[in-house]
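Asks: Input file: data39.txt. Contents: compact mmCIF, C-alpha atoms (C1' of nucleotides).
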# COMPACT_ATOMS: atom_id res chain seq x y z
CA MET A 1 119.92 160.63 110.46
CA PHE A 2 119.59 161.14 114.23
CA SER A 3 116.42 160.10 116.05
CA LYS A 4 114.09 162.81 117.37
CA ALA A 5 115.21 161.85 120.88
CA CYS A 6 118.82 162.38 119.89
CA GLU A 7 118.06 165.75 118.31
CA TYR A 8 116.38 166.89 121.53
CA GLY A 9 119.28 165.47 123.53
CA ILE A 10 121.88 167.41 121.57
CA LYS A 11 119.89 170.64 121.74
CA ALA A 12 119.33 170.18 125.48
CA MET A 13 123.02 169.56 126.14
CA ILE A 14 124.06 172.62 124.14
CA PHE A 15 121.55 174.74 126.05
CA ILE A 16 122.68 173.40 129.42
CA ALA A 17 126.30 173.98 128.45
CA HIS A 18 125.48 177.52 127.44
CA GLU A 19 123.46 178.32 130.56
CA SER A 20 125.87 176.74 132.98
CA GLU A 21 129.03 178.47 131.81
CA GLY A 22 128.65 180.32 135.11
CA GLY A 23 127.78 177.11 136.99
CA ASN A 24 124.02 177.72 136.89
CA ARG A 25 121.67 174.84 137.32
CA VAL A 26 118.88 174.57 134.73
CA SER A 27 115.37 173.20 135.23
CA LEU A 28 113.60 170.79 132.90
CA ARG A 29 111.00 173.46 132.22
CA ASP A 30 113.63 175.97 131.13
CA ILE A 31 115.33 173.40 128.91
CA ALA A 32 112.13 172.30 127.18
CA GLY A 33 111.15 175.93 126.73
CA ALA A 34 114.50 176.89 125.25
CA ILE A 35 114.64 174.07 122.73
CA ASP A 36 110.91 173.80 121.98
CA SER A 37 110.56 170.18 123.02
CA PRO A 38 107.81 168.25 124.84
CA GLU A 39 108.66 168.46 128.52
CA ALA A 40 107.89 164.89 129.61
CA PHE A 41 109.65 163.36 126.62
CA THR A 42 112.66 165.57 127.24
CA ALA A 43 112.73 164.36 130.85
CA LYS A 44 113.18 160.77 129.65
CA ILE A 45 116.06 161.77 127.44
CA LEU A 46 117.78 163.73 130.21
CA GLN A 47 117.52 160.60 132.39
CA GLN A 48 119.39 158.62 129.75
CA LEU A 49 122.08 161.27 129.59
CA ARG A 50 122.33 161.25 133.38
CA LYS A 51 122.76 157.48 133.43
CA HIS A 52 125.64 157.95 131.00
CA ARG A 53 127.14 160.54 133.39
CA LEU A 54 126.88 163.31 130.83
CA LEU A 55 124.52 165.14 133.17
CA VAL A 56 124.13 165.49 136.90
CA SER A 57 120.68 166.12 138.33
CA VAL A 58 119.61 167.55 141.66
CA LYS A 59 116.14 166.88 143.04
CA GLY A 60 114.07 169.15 145.23
CA ASN A 61 112.91 172.71 145.26
CA THR A 62 115.96 174.34 143.68
CA GLY A 63 116.95 171.29 141.66
CA GLY A 64 117.77 170.93 138.01
CA PHE A 65 120.47 169.74 135.64
CA GLU A 66 124.15 170.52 135.17
CA LEU A 67 126.81 169.07 132.92
CA GLY A 68 128.53 165.98 134.26
CA GLN A 69 131.87 167.16 132.89
CA ARG A 70 133.31 170.37 131.59
CA SER A 71 131.72 171.48 128.35
CA SER A 72 135.05 171.28 126.55
CA GLU A 73 135.32 167.61 127.49
CA ILE A 74 131.89 166.52 126.24
CA MET A 75 131.97 165.62 122.57
CA LEU A 76 128.85 165.27 120.44
CA ALA A 77 129.71 161.62 119.83
CA ARG A 78 129.12 160.82 123.52
CA ILE A 79 125.60 162.27 123.36
CA VAL A 80 124.69 160.46 120.16
CA GLU A 81 126.07 157.21 121.57
CA ALA A 82 124.10 157.59 124.79
CA ILE A 83 120.81 158.00 122.94
CA ASP A 84 121.06 156.33 119.54
CA GLY A 85 123.85 153.88 120.28
CA THR A 86 126.89 153.18 118.13
CA LYS A 87 125.10 151.80 115.09
CA ILE A 88 125.48 155.12 113.33
CA PHE A 89 129.27 154.85 113.67
CA THR A 90 129.72 151.20 112.89
CA GLY A 91 126.50 150.00 111.25
CA CYS A 92 126.19 148.76 107.67
CA GLY A 93 124.53 151.10 105.20
CA LEU A 94 122.25 148.31 104.03
CA GLY A 95 121.47 147.05 107.53
CA PHE A 96 123.52 143.85 107.56
CA ALA A 97 124.61 142.79 111.03
CA ALA A 98 127.74 141.04 109.81
CA CYS A 99 128.89 143.34 107.01
CA SER A 100 132.67 143.63 107.19
CA GLU A 101 135.84 144.13 105.21
CA ASP A 102 135.92 140.37 104.68
CA ARG A 103 132.36 140.12 103.44
CA PRO A 104 131.26 143.62 102.48
CA CYS A 105 127.89 144.70 101.18
CA PRO A 106 127.88 146.41 97.77
CA ILE A 107 128.16 149.91 99.23
CA HIS A 108 130.44 149.06 102.15
CA HIS A 109 133.59 150.92 101.18
CA LYS A 110 131.92 154.04 99.92
CA PHE A 111 129.57 154.17 102.86
CA LYS A 112 132.32 153.60 105.40
CA LYS A 113 134.13 156.69 104.15
CA VAL A 114 131.11 158.91 104.83
CA ARG A 115 130.34 157.21 108.13
CA ASP A 116 133.90 157.71 109.31
CA GLU A 117 133.79 161.38 108.44
CA LEU A 118 130.56 161.73 110.42
CA GLN A 119 132.14 159.99 113.38
CA GLY A 120 135.23 162.16 113.11
CA MET A 121 133.11 165.27 113.15
CA LEU A 122 131.14 164.14 116.20
CA GLU A 123 134.26 162.99 118.06
CA THR A 124 135.98 166.35 117.66
CA THR A 125 133.09 168.73 118.29
CA SER A 126 132.67 169.77 121.92
CA LEU A 127 129.73 171.35 123.67
CA HIS A 128 131.95 174.28 124.59
CA GLU A 129 132.57 175.06 120.96
CA LEU A 130 128.87 174.87 120.13
CA SER A 131 127.70 176.95 123.07
CA GLN A 132 130.05 179.72 121.97
CA GLY A 133 128.22 180.06 118.68
CA LEU A 134 125.02 180.62 120.64
CA GLU A 135 126.70 183.11 122.94
CA VAL A 136 127.77 185.41 120.13
CA GLY A 137 124.45 185.05 118.33
CA LEU A 138 125.84 183.22 115.34
CA THR A 139 123.70 180.10 115.80
CA PHE A 140 120.25 179.31 117.16
CA LEU A 141 118.44 176.64 119.17
CA LYS A 142 114.98 177.73 118.06
CA GLN A 143 113.35 178.83 114.85
CA MET B 1 120.65 156.40 108.32
CA PHE B 2 118.41 154.95 105.60
CA SER B 3 114.98 153.55 106.41
CA LYS B 4 114.45 149.79 106.23
CA ALA B 5 112.34 150.38 103.12
CA CYS B 6 115.23 152.23 101.52
CA GLU B 7 117.71 149.50 102.41
CA TYR B 8 115.45 146.94 100.76
CA GLY B 9 114.99 149.23 97.79
CA ILE B 10 118.71 149.64 97.22
CA LYS B 11 119.37 145.91 97.57
CA ALA B 12 116.51 145.10 95.21
CA MET B 13 117.74 147.56 92.58
CA ILE B 14 121.28 146.18 92.76
CA PHE B 15 119.94 142.65 92.38
CA ILE B 16 117.71 143.58 89.45
CA ALA B 17 120.61 145.40 87.82
CA HIS B 18 122.80 142.38 88.26
CA GLU B 19 120.24 139.88 86.97
CA SER B 20 119.16 141.97 84.03
CA GLU B 21 122.58 142.65 82.58
CA GLY B 22 121.39 140.24 79.89
CA GLY B 23 117.92 141.84 79.75
CA ASN B 24 116.29 139.26 82.00
CA ARG B 25 113.10 140.09 83.80
CA VAL B 26 113.03 139.28 87.52
CA SER B 27 110.03 138.24 89.62
CA LEU B 28 109.16 139.67 93.03
CA ARG B 29 109.67 136.24 94.52
CA ASP B 30 113.20 136.01 93.15
CA ILE B 31 114.05 139.50 94.36
CA ALA B 32 112.75 138.94 97.90
CA GLY B 33 114.55 135.60 97.99
CA ALA B 34 117.83 137.10 96.82
CA ILE B 35 117.88 139.97 99.29
CA ASP B 36 116.15 138.23 102.22
CA SER B 37 113.25 140.66 102.48
CA PRO B 38 109.55 140.20 103.24
CA GLU B 39 107.83 139.68 99.89
CA ALA B 40 104.72 141.82 100.36
CA PHE B 41 106.64 144.69 101.88
CA THR B 42 109.15 144.54 99.07
CA ALA B 43 106.29 144.71 96.58
CA LYS B 44 105.21 148.07 98.02
CA ILE B 45 108.73 149.42 97.68
CA LEU B 46 109.05 148.23 94.08
CA GLN B 47 105.79 150.04 93.31
CA GLN B 48 107.31 153.28 94.59
CA LEU B 49 110.37 152.75 92.46
CA ARG B 50 108.16 152.04 89.45
CA LYS B 51 106.22 155.27 90.01
CA HIS B 52 109.54 157.10 89.95
CA ARG B 53 110.36 155.35 86.63
CA LEU B 54 113.37 153.61 88.10
CA LEU B 55 111.69 150.29 87.38
CA VAL B 56 109.39 148.94 84.73
CA SER B 57 106.99 146.15 85.64
CA VAL B 58 105.15 143.67 83.47
CA LYS B 59 102.04 141.92 84.72
CA GLY B 60 100.86 138.45 83.83
CA ASN B 61 102.24 134.99 83.71
CA THR B 62 105.79 135.79 82.64
CA GLY B 63 105.83 139.21 84.24
CA GLY B 64 108.34 140.77 86.57
CA PHE B 65 110.59 143.77 86.97
CA GLU B 66 113.31 145.39 84.87
CA LEU B 67 115.33 148.55 85.24
CA GLY B 68 113.67 151.67 83.87
CA GLN B 69 116.99 152.96 82.58
CA ARG B 70 120.43 151.54 81.92
CA SER B 71 122.19 150.49 85.12
CA SER B 72 124.98 152.96 84.47
CA GLU B 73 122.45 155.79 84.42
CA ILE B 74 120.75 154.99 87.72
CA MET B 75 122.54 156.59 90.64
CA LEU B 76 121.96 155.57 94.26
CA ALA B 77 120.73 159.08 95.02
CA ARG B 78 117.67 158.52 92.79
CA ILE B 79 116.69 155.41 94.74
CA VAL B 80 117.14 157.04 98.14
CA GLU B 81 115.18 160.07 96.96
CA ALA B 82 112.33 157.92 95.66
CA ILE B 83 111.91 156.14 98.98
CA ASP B 84 113.20 158.38 101.79
CA GLY B 85 112.85 161.74 100.07
CA THR B 86 115.45 164.50 99.95
CA LYS B 87 115.54 165.25 103.68
CA ILE B 88 118.73 163.26 104.02
CA PHE B 89 120.42 165.56 101.48
CA THR B 90 119.06 168.88 102.62
CA GLY B 91 117.65 168.36 106.12
CA CYS B 92 118.97 169.98 109.27
CA GLY B 93 120.96 167.74 111.62
CA LEU B 94 118.84 168.91 114.55
CA GLY B 95 115.54 168.66 112.68
CA PHE B 96 114.79 172.35 112.14
CA ALA B 97 112.64 173.02 109.10
CA ALA B 98 114.09 176.47 108.49
CA CYS B 99 117.76 175.95 109.36
CA SER B 100 119.86 177.83 106.81
CA GLU B 101 123.08 179.69 106.24
CA ASP B 102 121.31 182.83 107.44
CA ARG B 103 120.00 181.29 110.63
CA PRO B 104 122.00 178.12 111.24
CA CYS B 105 121.59 175.64 114.06
CA PRO B 106 124.67 175.07 116.21
CA ILE B 107 125.91 172.12 114.16
CA HIS B 108 124.84 173.44 110.76
CA HIS B 109 128.22 174.00 109.12
CA LYS B 110 129.89 170.86 110.39
CA PHE B 111 126.86 168.74 109.58
CA LYS B 112 126.46 170.18 106.11
CA LYS B 113 129.97 169.06 105.23
CA VAL B 114 129.18 165.45 106.07
CA ARG B 115 125.75 165.59 104.45
CA ASP B 116 127.25 166.96 101.25
CA GLU B 117 129.81 164.19 101.15
CA LEU B 118 127.05 161.62 101.55
CA GLN B 119 125.08 163.22 98.75
CA GLY B 120 128.17 163.35 96.55
CA MET B 121 128.77 159.65 97.12
CA LEU B 122 125.17 158.73 96.30
CA GLU B 123 125.05 161.00 93.24
CA THR B 124 128.17 159.42 91.72
CA THR B 125 127.55 155.76 92.47
CA SER B 126 125.68 153.87 89.77
CA LEU B 127 123.92 150.53 89.90
CA HIS B 128 126.22 149.29 87.16
CA GLU B 129 129.23 149.86 89.33
CA LEU B 130 127.64 148.07 92.28
CA SER B 131 126.38 145.09 90.31
CA GLN B 132 129.93 144.51 89.05
CA GLY B 133 131.14 143.93 92.60
CA LEU B 134 128.51 141.22 92.95
CA GLU B 135 129.44 139.69 89.63
CA VAL B 136 133.07 139.12 90.54
CA GLY B 137 132.18 137.91 94.03
CA LEU B 138 133.73 140.85 95.85
CA THR B 139 130.50 141.98 97.53
CA PHE B 140 127.33 140.32 98.81
CA LEU B 141 123.59 140.93 99.04
CA LYS B 142 123.02 138.35 101.76
CA GLN B 143 124.75 137.29 104.92
C1' DA C 1 105.65 171.35 160.31
C1' DC C 2 104.06 172.71 155.93
C1' DC C 3 104.09 174.38 151.22
C1' DT C 4 106.12 174.48 146.94
C1' DA C 5 108.80 173.39 143.01
C1' DA C 6 111.66 170.30 141.32
C1' DT C 7 113.30 165.32 139.52
C1' DC C 8 112.01 160.25 139.02
C1' DG C 9 109.66 156.25 137.19
C1' DG C 10 106.04 153.48 135.45
C1' DA C 11 102.01 153.00 132.77
C1' DC C 12 99.66 154.51 129.04
C1' DA C 13 98.52 156.76 124.25
C1' DA C 14 99.44 158.40 119.60
C1' DA C 15 101.96 158.34 115.42
C1' DT C 16 105.00 156.33 112.25
C1' DT C 17 107.28 152.60 110.17
C1' DT C 18 107.39 147.96 109.08
C1' DG C 19 105.13 143.97 107.71
C1' DT C 20 100.85 140.81 106.33
C1' DC C 21 96.69 139.26 103.93
C1' DC C 22 93.70 138.81 100.29
C1' DG C 23 91.01 139.70 96.39
C1' DA C 24 91.35 141.94 91.63
C1' DT C 25 93.57 142.17 87.43
C1' DT C 26 96.70 140.79 83.78
C1' DA C 27 98.68 137.92 80.24
C1' DG C 28 101.17 133.77 78.57
C1' DA C 29 100.68 128.53 77.71
C1' DC C 30 98.10 124.76 76.75
C1' DG D 1 88.37 129.22 77.05
C1' DT D 2 90.73 127.77 81.12
C1' DC D 3 94.57 127.41 84.13
C1' DT D 4 98.37 129.42 86.14
C1' DA D 5 101.66 132.61 87.75
C1' DA D 6 102.59 137.07 87.99
C1' DT D 7 101.75 142.32 89.47
C1' DC D 8 98.50 145.70 91.82
C1' DG D 9 96.10 147.95 95.55
C1' DG D 10 93.60 148.47 99.72
C1' DA D 11 92.79 147.15 104.35
C1' DC D 12 94.68 145.46 108.24
C1' DA D 13 98.30 144.13 112.03
C1' DA D 14 102.62 144.41 114.58
C1' DA D 15 106.53 146.85 116.18
C1' DT D 16 108.98 150.90 117.17
C1' DT D 17 109.36 155.61 118.18
C1' DT D 18 107.44 159.57 119.98
C1' DG D 19 104.80 161.76 123.32
C1' DT D 20 101.54 162.13 127.74
C1' DC D 21 99.87 161.53 132.46
C1' DC D 22 100.23 161.01 137.13
C1' DG D 23 101.68 159.70 141.54
C1' DA D 24 106.08 159.24 144.41
C1' DT D 25 110.01 161.28 146.17
C1' DT D 26 113.12 165.02 147.30
C1' DA D 27 114.70 169.23 149.38
C1' DG D 28 114.66 174.29 150.09
C1' DG D 29 111.97 178.36 152.13
C1' DT D 30 109.03 180.22 155.38
Now, as a test, write the supplied structure out as structure tokens.
Replies:
Amino acid sequence: MFSKACEYGIKAMIFIAHESEGGNRVSLRDIAGAIDSPEAFTAKILQQLRKHRLLVSVKGNTGGFELGQRSSEIMLARIVEAIDGTKIFTGCGLGFAACSEDRPCPIHHKFKKVRDELQGMLETTSLHELSQGLEVGLTFLKQ
Amino acid sequence: MFSKACEYGIKAMIFIAHESEGGNRVSLRDIAGAIDSPEAFTAKILQQLRKHRLLVSVKGNTGGFELGQRSSEIMLARIVEAIDGTKIFTGCGLGFAACSEDRPCPIHHKFKKVRDELQGMLETTSLHELSQGLEVGLTFLKQ
DNA sequence: ACCTAATCGGACAAATTTGTCCGATTAGAC
DNA sequence: GTCTAATCGGACAAATTTGTCCGATTAGGT
């Protein structure tokens, strides 16, 4: 469904949101440790998120990452878009570039319904909401 | 969403269903031509589908492929399963192997809802239904 | 000034997915 | 029997995704 990079990206953003409720900056090492991801690979993904302004980074001795906006304003859809692009929201289920209402593939209408529900879910779920689940111990970022 | 192999597999099965309404056998060459797929790669995918009894193949001069069951009995879910496995139906949105109701990842509940709708769609959509759209010119296997 | 701990970026490596090639086998048509 | 057109299977190649390494830069602490 999502790429590995996107999975790491979502986990990282949730962790950063959770840790920086009090405005704390988080280091790459802490992030990779918290979400069990390869550090160098995670760094690449955080760079992508920074370029999309979802993160702010600070270099130097006490540097690290913070959210680029308030956690309640960052929706999952923005993270997925930044890493995997919009194909998951708009792409054809059978991979056609020009599949459309006018010239639909055989599964177009049925697939669109599911795709739209996925997009709706991602567009309405904020990091704030997800970090709260962590806070109260209802959900987990590690297994 | 689906792998390229799975996309080809679905297209191929819809085409075979459509062509063999009258019991006609279809050659690999015809299939790959009809769905614009690389012939040798498509052959591998058809072998997988045959091993899962979704197809029957006949070797020799007048050989080719036919459906292993009636088109109304073959649901999309069986094809996806045969090629991509069941991870798309049961897998965690963040990639955890042991994500569950007991120890859910942060997006577990919201993701499960979408995943279940996808599965429901695939479980209730038959090849017969899809080949009818082709027949009346409402849908297309090529662009 | 120097040390240290952090991000940044480019080049590289490994793994997976996608795609190709070719020889072996099969069976119908003549 | 021979020719031909088809599937079958294994080895290989290309492309993409995932992951690693390392040197450069940055800035705080002493």
Asks: What does the distance from C1' of DG19 (chain C) to CA of Lys11 (chain B) come to in Å, to one decimal?
Replies: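 According to the coordinates, C1' of DG19 (chain C) and CA of Lys11 (chain B) are separated by 17.6 Å.
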Asks: One decimal, Å: what's the distance from CA of Ala12 (chain A) over to CA of Gln143 (chain A), could you say?
Replies: 15.0 Å
Asks: With all atoms listed in the file as the counted atoms, please give the residues lying no more than 12 Å from region 5-11 of chain C, apart from itself and same-chain residues fewer than 3 positions off, as number ranges by chain.
Replies: A: 25-30, 40, 43-44, 46-48, 50, 56-65; D: 20-29
Asks: Excluding Ile88 (chain A) and residues on its chain fewer than 2 positions from it, collect all residues at most 12 Å away from it, counting only C-alpha atoms (C1' of nucleotides), and give them as a ChimeraX atom specification.
Replies: /A:1-3,6,77,80-86,90-95,111-112,114-119,122 /B:1-2
Asks: The selected residues should be written to file as a CSV table (one decimal), in the coordinates of the input (atoms: C-alpha atoms).
Replies:
chain,number,residue,atom,x,y,z
A,1,MET,CA,119.9,160.6,110.5
A,2,PHE,CA,119.6,161.1,114.2
A,3,SER,CA,116.4,160.1,116.0
A,6,CYS,CA,118.8,162.4,119.9
A,77,ALA,CA,129.7,161.6,119.8
A,80,VAL,CA,124.7,160.5,120.2
A,81,GLU,CA,126.1,157.2,121.6
A,82,ALA,CA,124.1,157.6,124.8
A,83,ILE,CA,120.8,158.0,122.9
A,84,ASP,CA,121.1,156.3,119.5
A,85,GLY,CA,123.8,153.9,120.3
A,86,THR,CA,126.9,153.2,118.1
A,90,THR,CA,129.7,151.2,112.9
A,91,GLY,CA,126.5,150.0,111.2
A,92,CYS,CA,126.2,148.8,107.7
A,93,GLY,CA,124.5,151.1,105.2
A,94,LEU,CA,122.2,148.3,104.0
A,95,GLY,CA,121.5,147.0,107.5
A,111,PHE,CA,129.6,154.2,102.9
A,112,LYS,CA,132.3,153.6,105.4
A,114,VAL,CA,131.1,158.9,104.8
A,115,ARG,CA,130.3,157.2,108.1
A,116,ASP,CA,133.9,157.7,109.3
A,117,GLU,CA,133.8,161.4,108.4
A,118,LEU,CA,130.6,161.7,110.4
A,119,GLN,CA,132.1,160.0,113.4
A,122,LEU,CA,131.1,164.1,116.2
B,1,MET,CA,120.6,156.4,108.3
B,2,PHE,CA,118.4,155.0,105.6
Asks: Could you pull the residues within 12 Å of DA24 (chain C), counting all atoms listed in the file, minus those fewer than 5 positions along the same chain, as a list in words?
Replies: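 Once the adjacent positions are removed, what remains is DT7, DC8, DG9 and DG10 of chain D.
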Asks: Would you mind listing what lies within 10 Å of DG19 (chain D) as a VMD selection string, with all atoms listed in the file counted and same-chain residues fewer than 4 positions away left out?
Replies: (chain A and resid 38 to 42) or (chain C and resid 13 to 15)
Asks: Residues of chain C that have any atom at most 7 Å from an atom of chain B: could you tabulate them with the shortest-distance atom pair and the distance in Å to one decimal, using only C-alpha atoms (C1' of nucleotides), ordered by chain and increasing number, as CSV?
Replies:
residue,atom,partner,partner_atom,distance
C:DG19,C1',B:Phe41,CA,6.1
C:DT26,C1',B:Gly60,CA,4.8
C:DA27,C1',B:Gly60,CA,4.2
C:DG28,C1',B:Asn61,CA,5.4
Asks: So what do you get for CA of Leu55 (chain A) versus CA of His108 (chain B), distance-wise?
Replies: 23.9 Å
Asks: Need the shell around DC30 (chain C): protein/DNA/RNA residues with any atom at most 12 Å away, counting only C-alpha atoms (C1' of nucleotides). Skip same-chain ones fewer than 3 positions apart. Format as JSON, numbers by chain?
Replies: {"D": [1, 2, 3, 4]}
Asks: Go through A:Thr125, A:Asn24, A:Ser131, A:Ser37 and flag the residue nearest chain D, using only C-alpha atoms (C1' of nucleotides) for the distances.
Replies: A:Ser37
Asks: Find the axis-aligned box for region 54-73 of chain A, covering all its listed atoms and adding 5 Å on each side, and write its centre and edge lengths in Å to one decimal as lines of an AutoDock Vina configuration file.
Replies:
center_x = 124.1
center_y = 168.8
center_z = 135.9
size_x = 32.4
size_y = 21.0
size_z = 28.7
Asks: Out of A:Pro104, A:Ile74, A:Lys87, A:Ser126, which residue has the shortest atom-to-atom distance to chain B when counting all atoms listed in the file?
Replies: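 Closest to chain B, using all atoms listed in the file: A:Pro104.
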